[in-house]
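Q: model32.txt is reproduced below (compact mmCIF, C-alpha atoms).
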```
# COMPACT_ATOMS: atom_id res chain seq x y z
CA MET C 1 60.56 27.15 -50.35
CA THR C 2 62.75 24.64 -48.51
CA ASP C 3 61.06 23.30 -45.42
CA GLY C 4 61.34 20.63 -42.72
CA THR C 5 57.89 19.18 -43.13
CA ALA C 6 59.04 15.66 -43.97
CA ALA C 7 61.41 15.59 -40.99
CA GLY C 8 58.88 17.18 -38.65
CA THR C 9 61.25 20.03 -37.81
CA ALA C 10 60.65 23.76 -38.16
CA THR C 11 63.47 26.28 -37.79
CA ALA C 12 63.38 29.73 -36.24
CA TRP C 13 66.31 31.74 -37.59
CA ALA C 14 68.24 34.36 -35.65
CA ALA C 15 66.83 37.74 -36.63
CA PRO C 16 69.07 40.60 -37.80
CA ARG C 17 69.48 43.70 -35.68
CA GLY C 18 66.38 45.88 -35.71
CA PHE C 19 64.10 43.18 -37.14
CA ALA C 20 60.39 43.87 -36.57
CA ILE C 21 56.98 42.94 -37.91
CA GLU C 22 55.91 45.16 -40.77
CA MET C 23 52.57 45.83 -42.42
CA ARG C 24 52.74 44.53 -46.00
CA GLY C 25 56.38 43.60 -45.50
CA ALA C 26 58.04 41.32 -48.06
CA ALA C 27 58.70 37.71 -47.10
CA ALA C 28 62.23 37.98 -48.54
CA ARG C 29 63.37 40.09 -45.59
CA TRP C 30 62.94 37.14 -43.22
CA PRO C 31 66.28 35.54 -42.36
CA GLY C 32 65.69 31.93 -43.46
CA PRO C 33 63.37 29.42 -45.13
CA GLY C 34 60.21 28.26 -43.46
CA ILE C 35 57.77 25.38 -43.61
CA GLY C 36 54.67 24.81 -45.71
CA PHE C 37 51.55 22.68 -45.55
CA GLU C 38 48.37 22.11 -47.56
CA CYS C 39 46.96 18.81 -46.22
CA ASP C 40 44.18 18.46 -43.69
CA TRP C 41 44.53 17.49 -40.03
CA ARG C 42 44.75 13.81 -41.03
CA GLY C 43 47.57 14.47 -43.51
CA GLN C 44 45.17 13.90 -46.43
CA ASP C 45 43.28 15.80 -49.15
CA ALA C 46 45.96 18.28 -50.17
CA ASP C 47 44.60 21.61 -51.41
CA PRO C 48 47.33 23.79 -52.96
CA ARG C 49 44.85 26.67 -53.22
CA ARG C 50 44.78 26.78 -49.42
CA ARG C 51 48.51 26.30 -48.86
CA THR C 52 50.03 27.94 -45.79
CA GLU C 53 53.68 28.93 -45.45
CA VAL C 54 55.18 29.78 -42.07
CA ARG C 55 58.43 31.57 -41.32
CA LEU C 56 59.97 32.02 -37.87
CA ALA C 57 62.70 34.27 -36.52
CA TRP C 58 63.98 35.01 -33.03
CA THR C 59 65.93 37.29 -30.76
CA MET C 60 66.51 36.71 -27.07
CA GLU C 61 63.53 38.98 -26.42
CA THR C 62 61.05 38.06 -29.18
CA LEU C 63 59.75 35.20 -31.31
CA PHE C 64 58.54 36.34 -34.73
CA LEU C 65 56.11 34.40 -36.96
CA ARG C 66 54.79 35.01 -40.43
CA PHE C 67 51.87 33.23 -42.09
CA ASP C 68 51.42 33.46 -45.88
CA CYS C 69 48.01 31.95 -46.67
CA ARG C 70 46.42 31.16 -50.01
CA TYR C 71 42.65 31.11 -49.79
CA ARG C 72 39.52 30.10 -51.66
CA THR C 73 37.08 32.18 -49.59
CA LEU C 74 37.34 34.72 -46.77
CA THR C 75 35.08 34.59 -43.73
CA VAL C 76 35.91 36.71 -40.69
CA PHE C 77 34.31 38.22 -37.63
CA PRO C 78 33.89 41.99 -38.01
CA ALA C 79 36.42 44.09 -36.15
CA ALA C 80 34.61 46.40 -33.72
CA ALA C 81 34.96 50.02 -34.85
CA GLY C 82 37.49 48.79 -37.40
CA VAL C 83 40.03 48.01 -34.68
CA ALA C 84 41.78 44.62 -34.87
CA GLY C 85 41.79 43.48 -31.26
CA ARG C 86 41.39 40.31 -29.19
CA HIS C 87 38.47 38.06 -30.13
CA MET C 88 37.47 34.89 -28.28
CA GLY C 89 36.20 32.08 -30.49
CA LEU C 90 38.34 33.27 -33.37
CA TRP C 91 38.75 29.64 -34.51
CA GLU C 92 35.12 29.61 -35.66
CA ARG C 93 36.09 31.63 -38.76
CA ASP C 94 39.19 31.86 -40.99
CA VAL C 95 42.34 31.81 -38.91
CA ALA C 96 46.01 30.78 -38.80
CA GLU C 97 47.29 29.27 -35.56
CA ALA C 98 50.58 28.48 -33.85
CA PHE C 99 50.80 26.13 -30.86
CA LEU C 100 54.12 26.61 -29.04
CA ARG C 101 55.39 24.34 -26.29
CA PRO C 102 58.72 25.64 -24.87
CA GLU C 103 58.98 22.94 -22.16
CA PRO C 104 58.47 19.61 -23.99
CA ARG C 105 59.06 17.45 -20.91
CA ARG C 106 56.52 19.17 -18.72
CA ALA C 107 53.57 16.95 -17.80
CA PRO C 108 50.75 17.51 -18.32
CA PRO C 109 51.70 19.45 -21.46
CA ARG C 110 51.37 23.21 -21.36
CA TYR C 111 51.61 25.41 -24.42
CA GLY C 112 50.66 28.76 -25.88
CA GLU C 113 48.04 29.10 -28.60
CA PHE C 114 48.32 32.13 -30.89
CA GLU C 115 45.73 32.93 -33.54
CA ILE C 116 45.43 35.61 -36.20
CA ALA C 117 42.60 36.27 -38.68
CA PRO C 118 42.89 37.80 -42.17
CA ASN C 119 41.48 41.12 -40.92
CA GLY C 120 43.90 41.26 -37.98
CA LEU C 121 41.71 40.00 -35.13
CA TRP C 122 43.88 37.93 -32.79
CA LEU C 123 43.84 35.69 -29.75
CA ASP C 124 46.48 34.34 -27.35
CA LEU C 125 45.73 31.55 -24.88
CA ASP C 126 47.59 29.52 -22.29
CA ILE C 127 46.61 25.83 -22.64
CA ASP C 128 46.99 23.54 -19.61
CA TRP C 129 46.31 20.07 -20.96
CA GLU C 130 45.07 17.26 -18.73
CA ARG C 131 47.06 14.15 -19.59
CA GLY C 132 45.18 11.39 -21.41
CA ALA C 133 41.85 13.22 -21.77
CA VAL C 134 41.24 14.40 -25.33
CA GLY C 135 39.23 17.59 -25.27
CA ALA C 136 40.01 18.33 -21.60
CA GLY C 137 42.29 21.29 -22.27
CA ALA C 138 41.82 24.24 -19.92
CA ALA C 139 42.44 27.58 -21.64
CA ARG C 140 42.94 31.01 -20.15
CA GLU C 141 43.82 34.33 -21.72
CA LEU C 142 47.58 34.62 -21.94
CA ARG C 143 47.88 38.41 -22.24
CA SER C 144 51.26 37.93 -23.87
CA GLY C 145 51.72 41.45 -25.19
CA MET C 146 51.89 40.05 -28.73
CA GLY C 147 52.18 42.49 -31.59
CA SER C 148 50.57 41.74 -34.95
CA ALA C 149 49.96 42.95 -38.48
CA ALA C 150 47.70 41.40 -41.14
CA TRP C 151 46.71 42.26 -44.69
CA ILE C 152 44.84 40.78 -47.66
CA ASP C 153 45.90 40.67 -51.31
CA ARG C 154 42.58 39.95 -53.00
CA ALA C 155 44.05 40.04 -56.51
CA ARG C 156 46.36 37.11 -55.68
CA ARG C 157 43.89 35.48 -53.25
CA ARG C 158 46.36 35.53 -50.40
CA TRP C 159 46.39 36.91 -46.89
CA THR C 160 49.42 37.45 -44.70
CA ALA C 161 50.01 38.01 -41.00
CA GLU C 162 53.08 38.69 -38.90
CA LEU C 163 53.34 38.21 -35.12
CA ALA C 164 55.87 39.35 -32.53
CA ILE C 165 55.56 37.41 -29.27
CA PRO C 166 57.62 38.42 -26.21
CA MET C 167 59.79 35.51 -25.09
CA GLN C 168 58.96 36.22 -21.45
CA ALA C 169 55.33 35.30 -22.22
CA LEU C 170 56.48 31.91 -23.49
CA THR C 171 59.27 30.85 -21.15
CA ARG C 172 61.09 32.28 -18.14
CA GLU C 173 64.51 31.21 -19.40
CA PHE C 174 64.86 31.11 -23.17
CA ASP C 175 67.75 28.91 -24.29
CA PRO C 176 68.15 28.75 -28.10
CA GLY C 177 70.08 25.51 -27.67
CA ARG C 178 66.96 23.71 -26.43
CA PRO C 179 64.34 22.77 -29.06
CA TRP C 180 60.65 23.32 -28.41
CA ARG C 181 57.65 21.40 -29.68
CA ALA C 182 55.19 23.17 -31.98
CA ASN C 183 52.44 22.80 -34.53
CA PHE C 184 50.82 25.15 -37.03
CA PHE C 185 47.28 25.16 -38.38
CA ARG C 186 44.77 26.86 -40.69
CA VAL C 187 40.99 26.96 -40.64
CA GLU C 188 38.91 28.30 -43.53
CA GLY C 189 35.15 28.69 -43.72
CA ALA C 190 32.29 29.30 -41.28
CA ARG C 191 30.05 26.33 -42.09
CA GLU C 192 30.76 22.65 -42.59
CA PRO C 193 32.47 21.31 -44.52
CA ARG C 194 35.20 23.69 -43.34
CA GLY C 195 38.87 23.38 -44.19
CA TYR C 196 41.08 22.23 -41.29
CA PHE C 197 44.77 22.10 -42.19
CA ALA C 198 47.80 21.08 -40.13
CA TRP C 199 51.57 21.10 -40.50
CA ARG C 200 51.94 17.93 -38.41
CA PRO C 201 48.82 15.74 -38.79
CA THR C 202 46.95 14.99 -35.58
CA GLY C 203 45.26 11.88 -37.00
CA THR C 204 42.01 12.23 -35.06
CA PRO C 205 38.73 10.96 -36.57
CA GLN C 206 37.21 14.45 -36.37
CA PRO C 207 39.07 17.77 -36.71
CA GLN C 208 41.11 18.30 -33.53
CA PHE C 209 44.26 20.42 -33.24
CA HIS C 210 44.91 19.93 -29.51
CA VAL C 211 47.03 16.79 -29.75
CA PRO C 212 50.38 17.61 -28.09
CA ALA C 213 51.82 14.18 -28.97
CA ALA C 214 51.59 15.15 -32.66
CA PHE C 215 53.58 18.38 -32.31
CA GLY C 216 56.71 18.69 -34.42
CA ARG C 217 60.11 19.97 -33.35
CA LEU C 218 61.02 23.66 -33.34
CA ARG C 219 64.73 24.40 -33.31
CA PHE C 220 66.54 27.74 -33.05
CA ALA C 221 69.34 28.41 -35.52
CA ARG C 222 71.92 31.19 -35.23
CA GLY C 223 72.81 31.35 -38.91
CA GLY C 224 70.38 32.71 -41.51
CA GLY C 225 69.42 30.54 -44.44
CA GLY C 226 68.63 33.31 -46.88
CA GLY C 227 65.21 34.82 -47.56
CA GLY C 228 62.88 33.64 -50.27
```
For this file, write the structure as structure tokens.
A:
Amino acid sequence: MTDGTAAGTATAWAAPRGFAIEMRGAAARWPGPGIGFECDWRGQDADPRRRTEVRLAWTMETLFLRFDCRYRTLTVFPAAAGVAGRHMGLWERDVAEAFLRPEPRRAPPRYGEFEIAPNGLWLDLDIDWERGAVGAGAARELRSGMGSAAWIDRARRRWTAELAIPMQALTREFDPGRPWRANFFRVEGAREPRGYFAWRPTGTPQPQFHVPAAFGRLRFARGGGGGG
């Protein structure tokens, strides 16, 4: 997979007509290459057996994300009555996360946090970050109307999730010519030492994903780069 990890840039590719998330859908149907990461939040201790690959696509109405996650172990909260719904505290078990900041110049930073677990439990939050105070983020439920699908391939030790996030939940005026800031993360395990992985390292002494200054660049491309 070709990615922009070294340059700190992820690309969301214009989606073809009728594109939608799909349970057990093949990655090759996505319109362009994505990014990948396997190092921890400090940018150290690479673990290829926990590698995460992220693809992004967009229409004027929707941002689509796909996480392809290799895993060593699986630890999830049980889904009530087998239904994969919203779950607060999802980050305390295995999860993939996207932090999306459509207005990079806004101060203090404000961004959306979107989480999905291997069994389909999900969470969407609006983060209003107080400038200069690490750990002082104020989170509220975003109620974005996000759609999701997730499935596990135990034979290959991989789990996959796809998200469809309405643009209106992210920004009032989406302009594909204006890059966003973003970061992507994985957590694996329920007890320390857990695995904390980041696309763009946050560099904090202890695991901490909420570091807006460390976010990479998310650009929107109109031409597809070919699936893979």
Q: Taking (61.7, 29.9, -20.9) in the file's own coordinates, collect the residues within 12 Å, counting only C-alpha atoms, and hand them back as a list in words.
A: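 I get Met60, Glu61, Thr62, Leu63, Leu100, Arg101, Pro102, Glu103, Pro104, Tyr111, Pro166, Met167, Gln168, Ala169, Leu170, Thr171, Arg172, Glu173, Phe174, Asp175, Pro176, Gly177, Arg178, Pro179 and Trp180 of chain C for the residues within 12 Å of that point.
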Q: Skipping near chain neighbours, those fewer than 2 positions away, what residues fall within 6 Å of Val187 in chain C using all atoms listed in the file, listed as number ranges by chain?
A: C: 94-95, 195-196
Q: Which value, in Å to one decimal, gives the distance between CA of Thr204 in chain C and CA of Arg105 in chain C?
A: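 So the two atoms, CA of Thr204 in chain C and CA of Arg105 in chain C, lie 22.8 Å apart.
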Q: Kindly indicate which residue among C:Pro108, C:Leu121, C:Ile35, C:Asp153 lies nearest to Ala213 in chain C, using only C-alpha atoms for the distances.
A: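 Between C:Pro108, C:Leu121, C:Ile35, C:Asp153, the residue approaching Ala213 in chain C most closely is C:Pro108.
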Q: Closest to Gly147 in chain C among C:Pro16, C:Pro78, C:Pro109, C:Gly85, using all atoms listed in the file?
A: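 Of C:Pro16, C:Pro78, C:Pro109, C:Gly85, the one nearest Gly147 in chain C, counting all atoms listed in the file, is C:Gly85.
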Q: List as a PyMOL selection string the protein and nucleic acid residues near range 182-185 of chain C, meaning an atom at most 7 Å away when only C-alpha atoms are counted, but skip any in the same chain fewer than 5 places from it.
A: chain C and resi 96-101+197-200+215-218
Q: For a quick check of understanding, using all atoms listed in the file, which of C:Asp40, C:Cys69, C:Arg106, C:Arg50 has the smallest distance to Gln208 in chain C?
A: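 Nearest to Gln208 in chain C: C:Asp40.
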Q: To one decimal in Å, tell me the separation between CA of Ala117 in chain C and CA of Leu90 in chain C.
A: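 Going from CA of Ala117 in chain C over to CA of Leu90 in chain C covers 7.4 Å.
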Q: What does the structure give for the distance between CA of Thr202 in chain C and CA of Arg42 in chain C, in Å to one decimal?
A: 6.0 Å
Q: Smallest atom-to-atom distance to Met23 in chain C: which of C:Gly82, C:Gly120, C:Gly8, C:Gly43, using all atoms listed in the file?
A: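 Looking only at the distances to Met23 in chain C, the closest residue turns out to be C:Gly120.
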